[in-house]
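For reference, the structure is listed below as structure tokens.
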Amino acid sequence: MTRRRNVDTAEPLTEWVTGLMPRVSDDDLFDPPPRAWDRRDPDPYPGYEPYPTRSVGPRPRRGRRGGAEWPDPVRDREPRSYAETAPAWRPGPTGGPEAARHRETAEVEPYDRGGRLFFHIVFWAALATTVELWWLNTPKGSITTTADILIAAGRLTGLVGGYLLLAQVLLMSRVRWLERWIGAHSLLIWHRELGAFLLLAILAHAALIAVGYAELTNAPLVDGTWTLVRTYEDMLSAVGATAILVGIALLAIRGIRRRMNYELWYYLHLSTYLVLLFSYGHQFATGQEFVRPGFGRYFWAGLYVFVIWSVLWGRIITPLRFNLRHRLRVEDVVPEGADMVSIYISGERLDELDARAGQYFRWRFLTRGCWWQAHPFSLSAAPNSQWLRLTIKIVGDHTESLQYLEPGTRIFAEGPSGVFTADRAIRPRALLIAGGSGIAPIRALLEDLPEHTVVIYRSRTEEELLFRDELDWLARAREAQVWYVIGSRDDPAPRHLFTAKGMRELVPDIRRRDIYLCGPPGLVEVSLRTLRKLRVPRRQIHLDPFEF
């Protein structure tokens with residue numbers, strides 16, 4: 001059953017009282033829907049049309065935003081959630097408590113827990129090999145003058161910078177095995193941290209070589225640098241690559257990145273591939289370790305081939321295969337609230353889709369004004385053989401236009417991605433913390449996690465709560481607890497809840513649970529701070545933050 005309390009008042013946390021929604025009882029006219037992972041029947045909802053009823057008659061054409069021709073997306077359509085059309089669950093040979101059980105562990109392919117360690121070993125071994133190549137190609141007694149020291153240091157930083165560039169591109173190649181080993185969020189963090197070292201290495205390489213060459217030729221620094229650029233092969237491409245790299249580093253500054261829309265940031269970031277192209281010519285044309293045939297040349301050629309193949313496989317071949325196989329289309333767009341919509345998606349062979357609750361896709365809707373943009377959105381319900389669902393908060397021009405998608409619109413999707421999934425759990429019970437639209441993957445996860453899960457759903461007002469009926473159903477079926485935490489961040493009850501004392505009072509066994517956390521940055525930061533004070537092991541904390 002659902003256990004909730006009204007935390008928009010400063011009542012003691014030890015009291016259990018009626019929540020914001022009426023308690024679910026056995027006399028309700030609806031029952032918990034079957035889980036998407038309950039696939040003993042090819043049709044998880046027999047005799048049931050899963051999609052909400054659409055508007056009668058043709059939809060109005062989209063006109064100029066803000067003008068008289070621009071339609072209201074909810075006109076002639078009542079807000080209708082998935083919950084209102086869910087099939088009845090009935091006791092019997094194929095129903096009963098069996099239908100509400102957590103899927104067996106054997107049905108979930110566990111991720112390779114040794115993959116991260118293996119990647120660490122290979123990364124540092126390849127970096128050590130790169131440094132060793134520099135050492136072997138530096139004859140004994142060749143470093144005697146200041147110019148020799150500067151040039152040798154410049155060669156070393158150039159090799160390290162080239163290696164880090166390849167690692168950067170590999171981390172963002174979207175190959176499934178790497179996301180499975182490391183996790184999409186960890187890959188993003190590594191990508192940012194390595195980016196700083198890459199920039200420092202490349203700038204140090206350029207500065208050391210320029211100063212060393214000027215010292216060697218006894219020329220002024222500016223004249224020596226200009227001679228260096230004009231004399232050596234592919235030096236202009238190296239200068240261009242350095243300029244692009246500095247520009248990308250500026251875009252990575254958090255204050256600048258937050259002021260940019262996703263599309264502009266994404267397409268500017270693609271210029272990283274130009275850096276890879278320009279640096280390849282520069283390295284193999286002038287690098288002392290590459291000009292002669294031997295192990296060093298073949299080693300670096302192998303690195304480039306591996307990284308380029310990974311990019312082609314993860315960003316081109318795999319998405320093409322996926323979309324040719326499943327042929328996804330928009331089935332309907334359903335308003336969920338004032339600024340939230342759910343998009344139901346149909347397709348072919350969805351029962352063979354290798355996706356899990358909590359994962360996300362990058363969705364590209366092939367219609368006017370949307371086809372050139374791909375945005376990451378999480379599934380808001382566990383995948384099933386009939387449809388997929390994503391729930392979107394309207395925050396910009398692109399998401400606003402998604403309200404007007406027509407049924408039948410083709411979709412080009414990339415994924416699934418992310419490891420915010422139930423098979424990452426290492427404890428028998430879980431705590432889910434959601435805020436705002438972060439409830440979408442959390443609601444989907446509730447279907448896959450074991451019984452007795454606790455959900456904390458943070459919202460400023462009751463009207464902003466999503467999926468209340470669905471959460472009630474799942475709470476009863478999964479014997480879970482759902483807590484609606486209503487109020488501003490300065491209200492006494494929410495502030496107390498997100499303290500070590502308040503969290504321990506609400507979830508006494510929190511250190512023996514996996515924590516799944518998804519929401520805006522403020523909620524994530526305060527929750528992590530509280531979890532650290534409670535000494536929850538880091539390996540039990542799973543994040544799906546709002547960032548790109």
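Following the order of the structure tokens, chains are lettered A, B, ..., residues in each are numbered from 1, and ligands are numbered from 1.
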
Show me, as a list in words, the residues that have an atom within 7 Å of Val160 (chain A) when counting only C-alpha atoms, minus same-chain residues fewer than 4 positions from it.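 Here the answer would be Leu156, Leu164 and Ala201 of chain A.
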
May I have a table of the residues of region 150-223 of chain A lying at most 10 Å from region 122-144 of chain A, giving each one's closest pair of atoms and their distance in Å to one decimal, counting only C-alpha atoms, ordered by chain and ascending residue number, as CSV?
residue,atom,partner,partner_atom,distance
A:Leu150,CA,A:Ile143,CA,9.3
A:Ile151,CA,A:Ile143,CA,9.1
A:Ala152,CA,A:Ile143,CA,7.6
A:Ala153,CA,A:Trp134,CA,9.8
A:Arg155,CA,A:Trp134,CA,7.6
A:Leu156,CA,A:Trp134,CA,6.4
A:Thr157,CA,A:Val131,CA,9.4
A:Leu159,CA,A:Thr130,CA,6.8
A:Val160,CA,A:Thr130,CA,7.2
A:Gly162,CA,A:Thr130,CA,9.7
A:Tyr163,CA,A:Leu127,CA,7.1
A:Leu164,CA,A:Leu127,CA,8.6
A:Ala167,CA,A:Phe123,CA,8.3

Those same residues - all heavy atoms - I'd like them written as a compact mmCIF listing (two decimals), in the first residue's frame.
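Writing done, so here's result23.txt:
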# COMPACT_ATOMS: atom_id res chain seq x y z
N LEU A 150 64.10 21.94 -23.74
CA LEU A 150 62.79 22.49 -24.10
C LEU A 150 62.14 21.70 -25.23
O LEU A 150 60.94 21.38 -25.18
CB LEU A 150 62.94 23.96 -24.49
CG LEU A 150 63.32 24.93 -23.37
CD1 LEU A 150 63.62 26.31 -23.93
CD2 LEU A 150 62.21 25.01 -22.33
N ILE A 151 62.90 21.36 -26.24
CA ILE A 151 62.34 20.63 -27.38
C ILE A 151 61.94 19.21 -26.97
O ILE A 151 60.88 18.69 -27.37
CB ILE A 151 63.35 20.61 -28.54
CG1 ILE A 151 63.52 22.02 -29.10
CG2 ILE A 151 62.89 19.66 -29.63
CD1 ILE A 151 64.58 22.15 -30.18
N ALA A 152 62.77 18.56 -26.14
CA ALA A 152 62.42 17.22 -25.67
C ALA A 152 61.15 17.24 -24.82
O ALA A 152 60.27 16.37 -24.96
CB ALA A 152 63.58 16.63 -24.86
N ALA A 153 61.02 18.23 -23.95
CA ALA A 153 59.81 18.36 -23.16
C ALA A 153 58.61 18.66 -24.04
O ALA A 153 57.49 18.18 -23.80
CB ALA A 153 59.98 19.46 -22.11
N ARG A 155 58.25 17.61 -27.17
CA ARG A 155 57.88 16.34 -27.80
C ARG A 155 57.05 15.47 -26.86
O ARG A 155 56.04 14.88 -27.25
CB ARG A 155 59.13 15.58 -28.23
CG ARG A 155 59.86 16.15 -29.43
CD ARG A 155 61.18 15.44 -29.66
NE ARG A 155 61.05 14.01 -29.48
CZ ARG A 155 61.92 13.23 -28.81
NH1 ARG A 155 63.00 13.80 -28.25
NH2 ARG A 155 61.73 11.94 -28.72
N LEU A 156 57.47 15.41 -25.59
CA LEU A 156 56.76 14.58 -24.62
C LEU A 156 55.34 15.09 -24.39
O LEU A 156 54.38 14.31 -24.41
CB LEU A 156 57.53 14.55 -23.30
CG LEU A 156 56.87 13.77 -22.16
CD1 LEU A 156 56.66 12.31 -22.55
CD2 LEU A 156 57.71 13.87 -20.89
N THR A 157 55.18 16.39 -24.17
CA THR A 157 53.83 16.93 -23.96
C THR A 157 52.97 16.78 -25.22
O THR A 157 51.75 16.60 -25.13
CB THR A 157 53.90 18.40 -23.55
OG1 THR A 157 54.70 19.13 -24.50
CG2 THR A 157 54.52 18.55 -22.16
N LEU A 159 53.14 14.23 -27.36
CA LEU A 159 52.69 12.84 -27.37
C LEU A 159 51.56 12.61 -26.37
O LEU A 159 50.56 11.96 -26.68
CB LEU A 159 53.86 11.92 -27.06
CG LEU A 159 54.89 11.69 -28.17
CD1 LEU A 159 56.10 10.94 -27.64
CD2 LEU A 159 54.26 10.93 -29.32
N VAL A 160 51.74 13.15 -25.16
CA VAL A 160 50.70 12.99 -24.14
C VAL A 160 49.41 13.68 -24.59
O VAL A 160 48.31 13.13 -24.43
CB VAL A 160 51.18 13.55 -22.79
CG1 VAL A 160 50.04 13.56 -21.78
CG2 VAL A 160 52.34 12.71 -22.26
N GLY A 162 48.40 14.26 -27.71
CA GLY A 162 47.78 13.47 -28.77
C GLY A 162 47.06 12.25 -28.23
O GLY A 162 45.97 11.89 -28.70
N TYR A 163 47.66 11.61 -27.23
CA TYR A 163 47.01 10.44 -26.63
C TYR A 163 45.72 10.83 -25.91
O TYR A 163 44.70 10.15 -26.04
CB TYR A 163 47.98 9.77 -25.66
CG TYR A 163 47.38 8.60 -24.93
CD1 TYR A 163 47.22 7.37 -25.55
CD2 TYR A 163 46.96 8.73 -23.61
CE1 TYR A 163 46.66 6.30 -24.89
CE2 TYR A 163 46.39 7.66 -22.93
CZ TYR A 163 46.24 6.45 -23.57
OH TYR A 163 45.68 5.40 -22.92
N LEU A 164 45.76 11.94 -25.15
CA LEU A 164 44.57 12.38 -24.45
C LEU A 164 43.46 12.79 -25.42
O LEU A 164 42.27 12.60 -25.12
CB LEU A 164 44.91 13.54 -23.52
CG LEU A 164 45.81 13.21 -22.32
CD1 LEU A 164 46.07 14.47 -21.50
CD2 LEU A 164 45.18 12.14 -21.45
N ALA A 167 41.80 9.66 -26.41
CA ALA A 167 40.97 9.18 -25.30
C ALA A 167 39.68 9.99 -25.19
O ALA A 167 38.60 9.44 -24.92
CB ALA A 167 41.76 9.25 -23.99

Residue among A:Leu171, A:Trp181, A:Ser279, A:Val246 lying closest to Leu117 (chain A), counting only C-alpha atoms: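 Closest residue, counting only C-alpha atoms: A:Trp181.
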
Do you know which residues are at most 6 Å from Asp234 (chain A) counting only C-alpha atoms, after dropping those on the same chain fewer than 2 positions away, and could you put them as a PDB file with N, CA and C atoms, in the first residue's frame?
ATOM      1  N   LEU A 236      50.531  24.485 -40.124  1.00  0.00           N
ATOM      2  CA  LEU A 236      49.328  25.310 -40.148  1.00  0.00           C
ATOM      3  C   LEU A 236      48.116  24.540 -39.618  1.00  0.00           C
ATOM      4  N   SER A 237      48.039  23.261 -39.960  1.00  0.00           N
ATOM      5  CA  SER A 237      46.933  22.443 -39.440  1.00  0.00           C
ATOM      6  C   SER A 237      47.049  22.288 -37.930  1.00  0.00           C
ATOM      7  N   HIS A 282      49.689  16.365 -38.581  1.00  0.00           N
ATOM      8  CA  HIS A 282      50.836  16.997 -37.916  1.00  0.00           C
ATOM      9  C   HIS A 282      51.722  15.951 -37.238  1.00  0.00           C
TER      10      HIS A 282
END

When you look at Arg529 (chain A) with a cut-off of 12 Å (counting only C-alpha atoms), what residues show up, excluding the ones that are within fewer than 6 positions of it in the same chain? I need them as a PDB file with C-alpha atoms, in the first residue's frame.
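And here is the file that came out, out-v2.pdb:
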ATOM      1  CA  PHE A 498      16.986  16.812   3.436  1.00  0.00           C
ATOM      2  CA  THR A 499      19.192  16.746   6.503  1.00  0.00           C
ATOM      3  CA  ALA A 500      20.951  13.714   7.888  1.00  0.00           C
ATOM      4  CA  MET A 503      16.495  11.454   6.076  1.00  0.00           C
ATOM      5  CA  GLY A 522      20.087  22.002  -6.450  1.00  0.00           C
ATOM      6  CA  LEU A 523      18.282  18.841  -5.410  1.00  0.00           C
ATOM      7  CA  ARG A 535      28.106   7.789   5.178  1.00  0.00           C
ATOM      8  CA  VAL A 536      26.233   6.039   2.400  1.00  0.00           C
ATOM      9  CA  ARG A 538      29.529   5.905  -2.988  1.00  0.00           C
ATOM     10  CA  ILE A 541      24.603   6.058  -5.185  1.00  0.00           C
TER      11      ILE A 541
END

Of the listed residues A:Trp371, A:Tyr484, A:Tyr516, A:Phe284, that which approaches Arg424 (chain A) most closely, counting only C-alpha atoms: A:Tyr516

Please identify which residues in region 176-355 of chain A DSSP calls strand (DSSP E or B) from the backbone, and express them as an mmCIF file with N, CA, C and O atoms, in the first residue's frame.
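Final output, saved to selection_28.cif:
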data_model
loop_
_atom_site.group_PDB
_atom_site.id
_atom_site.type_symbol
_atom_site.label_atom_id
_atom_site.label_comp_id
_atom_site.auth_asym_id
_atom_site.auth_seq_id
_atom_site.Cartn_x
_atom_site.Cartn_y
_atom_site.Cartn_z
ATOM 1 N N ARG A 329 7.801 5.577 -34.625
ATOM 2 C CA ARG A 329 6.904 6.648 -35.041
ATOM 3 C C ARG A 329 6.174 7.202 -33.818
ATOM 4 O O ARG A 329 5.972 6.497 -32.828
ATOM 5 N N VAL A 330 5.764 8.449 -33.932
ATOM 6 C CA VAL A 330 4.935 9.050 -32.888
ATOM 7 C C VAL A 330 3.538 8.436 -32.965
ATOM 8 O O VAL A 330 2.931 8.397 -34.041
ATOM 9 N N GLU A 331 3.055 7.967 -31.838
ATOM 10 C CA GLU A 331 1.699 7.430 -31.776
ATOM 11 C C GLU A 331 0.724 8.477 -31.249
ATOM 12 O O GLU A 331 -0.373 8.635 -31.774
ATOM 13 N N ASP A 332 1.113 9.196 -30.224
ATOM 14 C CA ASP A 332 0.261 10.267 -29.716
ATOM 15 C C ASP A 332 1.070 11.161 -28.780
ATOM 16 O O ASP A 332 2.121 10.746 -28.270
ATOM 17 N N VAL A 333 0.582 12.369 -28.566
ATOM 18 C CA VAL A 333 1.154 13.321 -27.622
ATOM 19 C C VAL A 333 0.062 13.661 -26.613
ATOM 20 O O VAL A 333 -1.009 14.130 -26.987
ATOM 21 N N VAL A 334 0.339 13.401 -25.334
ATOM 22 C CA VAL A 334 -0.675 13.539 -24.290
ATOM 23 C C VAL A 334 -0.223 14.584 -23.280
ATOM 24 O O VAL A 334 0.857 14.464 -22.703
ATOM 25 N N PRO A 335 -1.007 15.630 -23.046
ATOM 26 C CA PRO A 335 -0.637 16.616 -22.014
ATOM 27 C C PRO A 335 -0.662 15.977 -20.626
ATOM 28 O O PRO A 335 -1.577 15.230 -20.294
ATOM 29 N N GLU A 336 0.360 16.259 -19.838
ATOM 30 C CA GLU A 336 0.425 15.760 -18.466
ATOM 31 C C GLU A 336 0.249 16.878 -17.444
ATOM 32 O O GLU A 336 0.071 16.612 -16.268
ATOM 33 N N GLY A 337 0.333 18.116 -17.881
ATOM 34 C CA GLY A 337 0.234 19.247 -16.979
ATOM 35 C C GLY A 337 0.410 20.530 -17.773
ATOM 36 O O GLY A 337 0.393 20.528 -19.012
ATOM 37 N N MET A 340 4.108 20.076 -19.305
ATOM 38 C CA MET A 340 4.646 18.728 -19.468
ATOM 39 C C MET A 340 3.785 17.959 -20.461
ATOM 40 O O MET A 340 2.550 18.056 -20.434
ATOM 41 N N VAL A 341 4.425 17.205 -21.331
ATOM 42 C CA VAL A 341 3.700 16.330 -22.259
ATOM 43 C C VAL A 341 4.391 14.973 -22.290
ATOM 44 O O VAL A 341 5.598 14.866 -22.062
ATOM 45 N N SER A 342 3.607 13.946 -22.557
ATOM 46 C CA SER A 342 4.142 12.603 -22.770
ATOM 47 C C SER A 342 3.969 12.249 -24.236
ATOM 48 O O SER A 342 2.908 12.490 -24.826
ATOM 49 N N ILE A 343 5.011 11.686 -24.828
ATOM 50 C CA ILE A 343 4.974 11.250 -26.217
ATOM 51 C C ILE A 343 4.995 9.728 -26.235
ATOM 52 O O ILE A 343 5.935 9.110 -25.732
ATOM 53 N N TYR A 344 3.938 9.143 -26.783
ATOM 54 C CA TYR A 344 3.862 7.692 -26.930
ATOM 55 C C TYR A 344 4.420 7.326 -28.290
ATOM 56 O O TYR A 344 4.088 7.955 -29.303
ATOM 57 N N ILE A 345 5.260 6.312 -28.330
ATOM 58 C CA ILE A 345 5.993 5.941 -29.536
ATOM 59 C C ILE A 345 5.744 4.473 -29.836
ATOM 60 O O ILE A 345 5.877 3.612 -28.950
ATOM 61 N N SER A 346 5.373 4.185 -31.069
ATOM 62 C CA SER A 346 5.191 2.809 -31.515
ATOM 63 C C SER A 346 6.313 2.445 -32.476
ATOM 64 O O SER A 346 7.087 3.304 -32.913
#

Among region 312-347 of chain A, which ones does DSSP place in helix (DSSP H, G or I), written as a list in words?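 These are the residues in question: Leu312, Trp313, Gly314, Arg315, Ile316, Ile317, Thr318, Pro319, Leu320, Arg321, Phe322, Asn323, Leu324, Arg325 and His326 of chain A.
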
With only C-alpha atoms as the basis for distance, which of A:Leu366, A:Ile515, A:Ala252, A:Ala184 is at the shortest distance from Ala434 (chain A)? A:Ile515

Can you list, as a list in words, every protein, DNA or RNA residue that comes within 8 Å of Ser173 (chain A) when you count only C-alpha atoms, leaving out same-chain residues fewer than 4 positions away?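 Residues near the query, excluding close chain neighbours: Val169, Ser310, Val311, Leu312, Gly314 and Arg315 of chain A.
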
Straight-line distance linking CA of Arg368 (chain A) with CA of Leu405 (chain A), stated in Å to one decimal: 9.8 Å

Counting only C-alpha atoms, which of A:Leu445, A:Ala374, A:Ala422, A:Leu432 gets nearest to Leu517 (chain A)?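 Of the candidates, the smallest distance to Leu517 (chain A) is held by A:Leu432.
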
Quick one: everything within 12 Å of Lys501 (chain A), counting only C-alpha atoms, minus sequence neighbours fewer than 2 positions away in the same chain. Send it as JSON, numbers by chain. {"A": [12, 13, 14, 495, 496, 497, 498, 499, 503, 504, 505, 506, 507, 508, 510, 530, 531, 533, 534]}
